[in-house]
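Below is one structure, written out as structure tokens, with a few remarks after it.
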Amino acid sequence: MNSILERFKLDGKVAIVTGASRGLGQGMALALAEAGADIVAVDILPMEDTQKQVKAFGRKCVAIMANLGDRQAIPKVIAEAKKTFSHLDILVNCAGIIRREEFDKFSEKDWDDVMGINISAVFFLSQCFVRDLLARNAPGKIINIASMLSFQGGIRVPSYTASKSAVQGLTRLLANELAAKGINANAIAPGYMATDNTAPLRADPDRSAAILARIPAGRWGTPDDLKGTVIFLASAASDYINGYTIAVDGGWLAR
């Protein structure tokens, strides 16, 4: 049996990471590359910076521009990735958006846009990924990005709360159906992270102070804080973990 540190290595693996142009997605893509994986970076935004940093670790990085809100684009992501790599091993569903408005004013567009990216794309991309694994009779890892609002209700973000609660439920279903086939499905629930999504909160002195007062660690999280967890869930070290959502939140949920 390999040593425990060997089981964390991802040499020879290929990881698809959505939302990889910046923020949490970019941070996780870089972590997986540093651990030995080649990367398929997927985003609607340019990814030159991500490619440059992944290649600095001596790994390959293919960038696929795609609007995951368009269901027709999703099978093309897997097909495009397979043009470069003979096998796909890891899927990190990180791409996500958020819209803020009072419940009684929340629009159909803001509901549909968020649900399209945050849960529908997660389902259909996971489905395409799993079909490829099953066709090859290969093991694999699915890592979904949930949220504190997978556990809580939040305010002024109804579609985000609904979608991230659905991500946690879908992760459990995937585990129930796929664990016996050697495919692990788990999720990471980031706490309050210093990313573009939280910029309005951090810019509001009262709201930011209230959030920080509740975080036992006393600070906003950063993309670096997710690196250890994503490597763990992507590696053989987590082979007997199925359907679980790990909170990386500085202790938020413990309060």
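Numbering starts fresh at 1 for the residues of each chain in the structure tokens, the chains themselves are lettered A, B, ... in the order given, and ligands are numbered from 1 as they appear.
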
>> Could you list, as an NGL selection string, every residue within 12 Å of A:Thr171, counting only C-alpha atoms and ignoring same-chain residues fewer than 2 positions away?
In response: :A and (93 or 119 or 122-123 or 126 or 141-146 or 150 or 164-169 or 173-179 or 183-189 or 241-246)

Produce a file of the selected residues containing C-alpha atoms, as a tab-separated table (two decimals), in the first residue's frame.
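What follows is the written file selection_9.tsv:
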```tsv
chain	number	residue	atom	x	y	z
A	93	ASN	CA	-18.11	22.13	-10.50
A	119	ILE	CA	-27.46	23.66	-10.42
A	122	VAL	CA	-23.73	21.00	-12.37
A	123	PHE	CA	-26.22	18.22	-13.09
A	126	SER	CA	-21.70	15.72	-14.08
A	141	LYS	CA	-14.11	12.11	-8.47
A	142	ILE	CA	-16.84	14.74	-8.57
A	143	ILE	CA	-16.40	17.76	-6.33
A	144	ASN	CA	-19.28	20.22	-6.23
A	145	ILE	CA	-19.04	23.67	-4.72
A	146	ALA	CA	-21.86	24.24	-2.28
A	150	SER	CA	-26.66	25.01	1.56
A	164	LYS	CA	-26.80	25.77	-3.40
A	165	SER	CA	-29.23	23.74	-1.28
A	166	ALA	CA	-29.88	21.71	-4.42
A	167	VAL	CA	-26.14	21.19	-4.94
A	168	GLN	CA	-25.89	19.54	-1.54
A	169	GLY	CA	-28.88	17.30	-2.27
A	173	LEU	CA	-27.90	11.47	-4.79
A	174	LEU	CA	-24.76	11.08	-6.89
A	175	ALA	CA	-23.09	9.27	-4.01
A	176	ASN	CA	-26.03	6.91	-3.62
A	177	GLU	CA	-26.02	5.98	-7.29
A	178	LEU	CA	-22.30	6.04	-8.08
A	179	ALA	CA	-20.28	5.03	-5.03
A	183	ILE	CA	-17.11	7.27	-8.47
A	184	ASN	CA	-16.93	9.55	-5.45
A	185	ALA	CA	-19.19	12.61	-5.24
A	186	ASN	CA	-18.64	15.14	-2.47
A	187	ALA	CA	-18.95	18.89	-2.01
A	188	ILE	CA	-17.10	21.79	-0.47
A	189	ALA	CA	-19.08	24.55	1.20
A	241	ILE	CA	-15.91	9.51	1.59
A	242	ASN	CA	-19.16	9.70	-0.33
A	243	GLY	CA	-21.97	12.27	-0.43
A	244	TYR	CA	-20.50	14.58	2.19
A	245	THR	CA	-20.30	18.37	2.20
A	246	ILE	CA	-17.21	19.74	3.93
```

Using only C-alpha atoms, which protein or nucleic acid residues come within 7 Å of stretch 195-197 of chain A? Drop anything in the same chain fewer than 2 positions from it, and give the result as a CSV table (one decimal) with C-alpha atoms, in the first residue's frame.
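Done, and the output landed in part_29.csv:
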```
chain,number,residue,atom,x,y,z
A,23,GLY,CA,-11.2,33.4,-7.5
A,98,ILE,CA,-25.3,35.3,-7.5
A,193,MET,CA,-14.6,34.2,0.9
A,199,ALA,CA,-17.5,42.3,-3.0
```

>> I'd like to know which of A:Ala29, A:Arg207, A:Ile117, A:Ala162 is closest to A:Leu226, using only C-alpha atoms.
In response: A:Ala29

> What are the DSSP helix (DSSP H, G or I) residues of stretch 67-230 of chain A, as a PyMOL selection string?
Replying inline: chain A and resi 71-84+103-105+108-136+148-150+158-181+196-203+205-214+223-230

Please dump the current selection as an mmCIF file, in the first residue's frame; keep C-alpha atoms.
```cif
data_model
loop_
_atom_site.group_PDB
_atom_site.id
_atom_site.type_symbol
_atom_site.label_atom_id
_atom_site.label_comp_id
_atom_site.auth_asym_id
_atom_site.auth_seq_id
_atom_site.Cartn_x
_atom_site.Cartn_y
_atom_site.Cartn_z
ATOM 1 C CA ARG A 71 -27.115 23.352 -22.029
ATOM 2 C CA GLN A 72 -26.034 22.704 -25.608
ATOM 3 C CA ALA A 73 -22.506 23.800 -24.672
ATOM 4 C CA ILE A 74 -22.085 21.233 -21.912
ATOM 5 C CA PRO A 75 -21.479 18.027 -23.932
ATOM 6 C CA LYS A 76 -19.044 20.005 -26.060
ATOM 7 C CA VAL A 77 -16.876 20.662 -22.991
ATOM 8 C CA ILE A 78 -16.311 16.944 -22.456
ATOM 9 C CA ALA A 79 -15.813 16.326 -26.185
ATOM 10 C CA GLU A 80 -13.289 19.168 -26.451
ATOM 11 C CA ALA A 81 -11.374 17.967 -23.389
ATOM 12 C CA LYS A 82 -11.109 14.463 -24.842
ATOM 13 C CA LYS A 83 -9.441 15.836 -27.955
ATOM 14 C CA THR A 84 -6.382 16.531 -25.790
ATOM 15 C CA PHE A 103 -37.834 38.529 -2.310
ATOM 16 C CA ASP A 104 -40.916 40.398 -3.572
ATOM 17 C CA LYS A 105 -38.884 42.164 -6.278
ATOM 18 C CA GLU A 108 -37.698 35.597 -13.278
ATOM 19 C CA LYS A 109 -34.445 36.279 -15.143
ATOM 20 C CA ASP A 110 -32.409 36.428 -11.929
ATOM 21 C CA TRP A 111 -34.021 33.172 -10.829
ATOM 22 C CA ASP A 112 -33.445 31.386 -14.147
ATOM 23 C CA ASP A 113 -29.904 32.663 -14.722
ATOM 24 C CA VAL A 114 -28.670 31.566 -11.306
ATOM 25 C CA MET A 115 -30.416 28.198 -11.352
ATOM 26 C CA GLY A 116 -29.084 27.565 -14.864
ATOM 27 C CA ILE A 117 -25.446 27.987 -13.874
ATOM 28 C CA ASN A 118 -25.484 26.894 -10.237
ATOM 29 C CA ILE A 119 -27.461 23.660 -10.421
ATOM 30 C CA SER A 120 -28.593 22.745 -13.960
ATOM 31 C CA ALA A 121 -25.046 23.003 -15.335
ATOM 32 C CA VAL A 122 -23.730 21.004 -12.371
ATOM 33 C CA PHE A 123 -26.217 18.220 -13.086
ATOM 34 C CA PHE A 124 -25.718 18.030 -16.843
ATOM 35 C CA LEU A 125 -21.924 18.388 -16.795
ATOM 36 C CA SER A 126 -21.700 15.721 -14.081
ATOM 37 C CA GLN A 127 -23.941 13.500 -16.195
ATOM 38 C CA CYS A 128 -21.685 13.864 -19.261
ATOM 39 C CA PHE A 129 -18.594 13.264 -17.125
ATOM 40 C CA VAL A 130 -20.087 10.149 -15.527
ATOM 41 C CA ARG A 131 -21.176 8.721 -18.870
ATOM 42 C CA ASP A 132 -17.565 8.929 -20.019
ATOM 43 C CA LEU A 133 -16.322 7.208 -16.846
ATOM 44 C CA LEU A 134 -18.887 4.419 -17.129
ATOM 45 C CA ALA A 135 -18.051 3.846 -20.777
ATOM 46 C CA ARG A 136 -14.433 3.274 -19.756
ATOM 47 C CA MET A 148 -23.011 28.258 3.658
ATOM 48 C CA LEU A 149 -26.461 28.738 2.144
ATOM 49 C CA SER A 150 -26.662 25.006 1.561
ATOM 50 C CA PRO A 158 -33.430 33.325 -3.157
ATOM 51 C CA SER A 159 -32.116 31.663 -6.310
ATOM 52 C CA TYR A 160 -28.615 31.321 -4.880
ATOM 53 C CA THR A 161 -29.931 29.733 -1.686
ATOM 54 C CA ALA A 162 -32.186 27.375 -3.628
ATOM 55 C CA SER A 163 -29.439 26.380 -6.051
ATOM 56 C CA LYS A 164 -26.798 25.767 -3.400
ATOM 57 C CA SER A 165 -29.227 23.741 -1.284
ATOM 58 C CA ALA A 166 -29.883 21.705 -4.420
ATOM 59 C CA VAL A 167 -26.145 21.192 -4.945
ATOM 60 C CA GLN A 168 -25.892 19.539 -1.542
ATOM 61 C CA GLY A 169 -28.881 17.298 -2.272
ATOM 62 C CA LEU A 170 -27.604 16.359 -5.728
ATOM 63 C CA THR A 171 -24.219 15.477 -4.233
ATOM 64 C CA ARG A 172 -25.930 12.987 -1.916
ATOM 65 C CA LEU A 173 -27.900 11.467 -4.794
ATOM 66 C CA LEU A 174 -24.759 11.085 -6.889
ATOM 67 C CA ALA A 175 -23.089 9.266 -4.012
ATOM 68 C CA ASN A 176 -26.034 6.911 -3.617
ATOM 69 C CA GLU A 177 -26.017 5.976 -7.294
ATOM 70 C CA LEU A 178 -22.303 6.043 -8.079
ATOM 71 C CA ALA A 179 -20.285 5.028 -5.026
ATOM 72 C CA ALA A 180 -20.525 1.320 -5.834
ATOM 73 C CA LYS A 181 -19.171 2.105 -9.315
ATOM 74 C CA ASP A 196 -16.011 38.975 -6.600
ATOM 75 C CA ASN A 197 -19.290 37.434 -5.378
ATOM 76 C CA THR A 198 -18.821 38.919 -1.909
ATOM 77 C CA ALA A 199 -17.463 42.313 -3.007
ATOM 78 C CA PRO A 200 -20.773 44.099 -2.220
ATOM 79 C CA LEU A 201 -20.787 42.611 1.289
ATOM 80 C CA ARG A 202 -17.184 43.556 1.978
ATOM 81 C CA ALA A 203 -17.840 47.072 0.685
ATOM 82 C CA PRO A 205 -18.903 48.416 6.543
ATOM 83 C CA ASP A 206 -21.810 47.356 8.759
ATOM 84 C CA ARG A 207 -22.493 44.089 6.902
ATOM 85 C CA SER A 208 -18.800 43.210 6.706
ATOM 86 C CA ALA A 209 -18.332 43.871 10.433
ATOM 87 C CA ALA A 210 -21.347 41.720 11.297
ATOM 88 C CA ILE A 211 -20.012 38.836 9.194
ATOM 89 C CA LEU A 212 -16.508 39.041 10.643
ATOM 90 C CA ALA A 213 -17.901 39.149 14.172
ATOM 91 C CA ARG A 214 -19.490 35.729 13.626
ATOM 92 C CA PRO A 223 -8.869 30.780 -2.423
ATOM 93 C CA ASP A 224 -5.805 29.291 -0.696
ATOM 94 C CA ASP A 225 -8.047 28.052 2.109
ATOM 95 C CA LEU A 226 -9.743 25.571 -0.256
ATOM 96 C CA LYS A 227 -6.572 24.028 -1.662
ATOM 97 C CA GLY A 228 -6.067 21.282 0.905
ATOM 98 C CA THR A 229 -9.710 20.236 0.840
ATOM 99 C CA VAL A 230 -9.971 19.998 -2.946
#
```
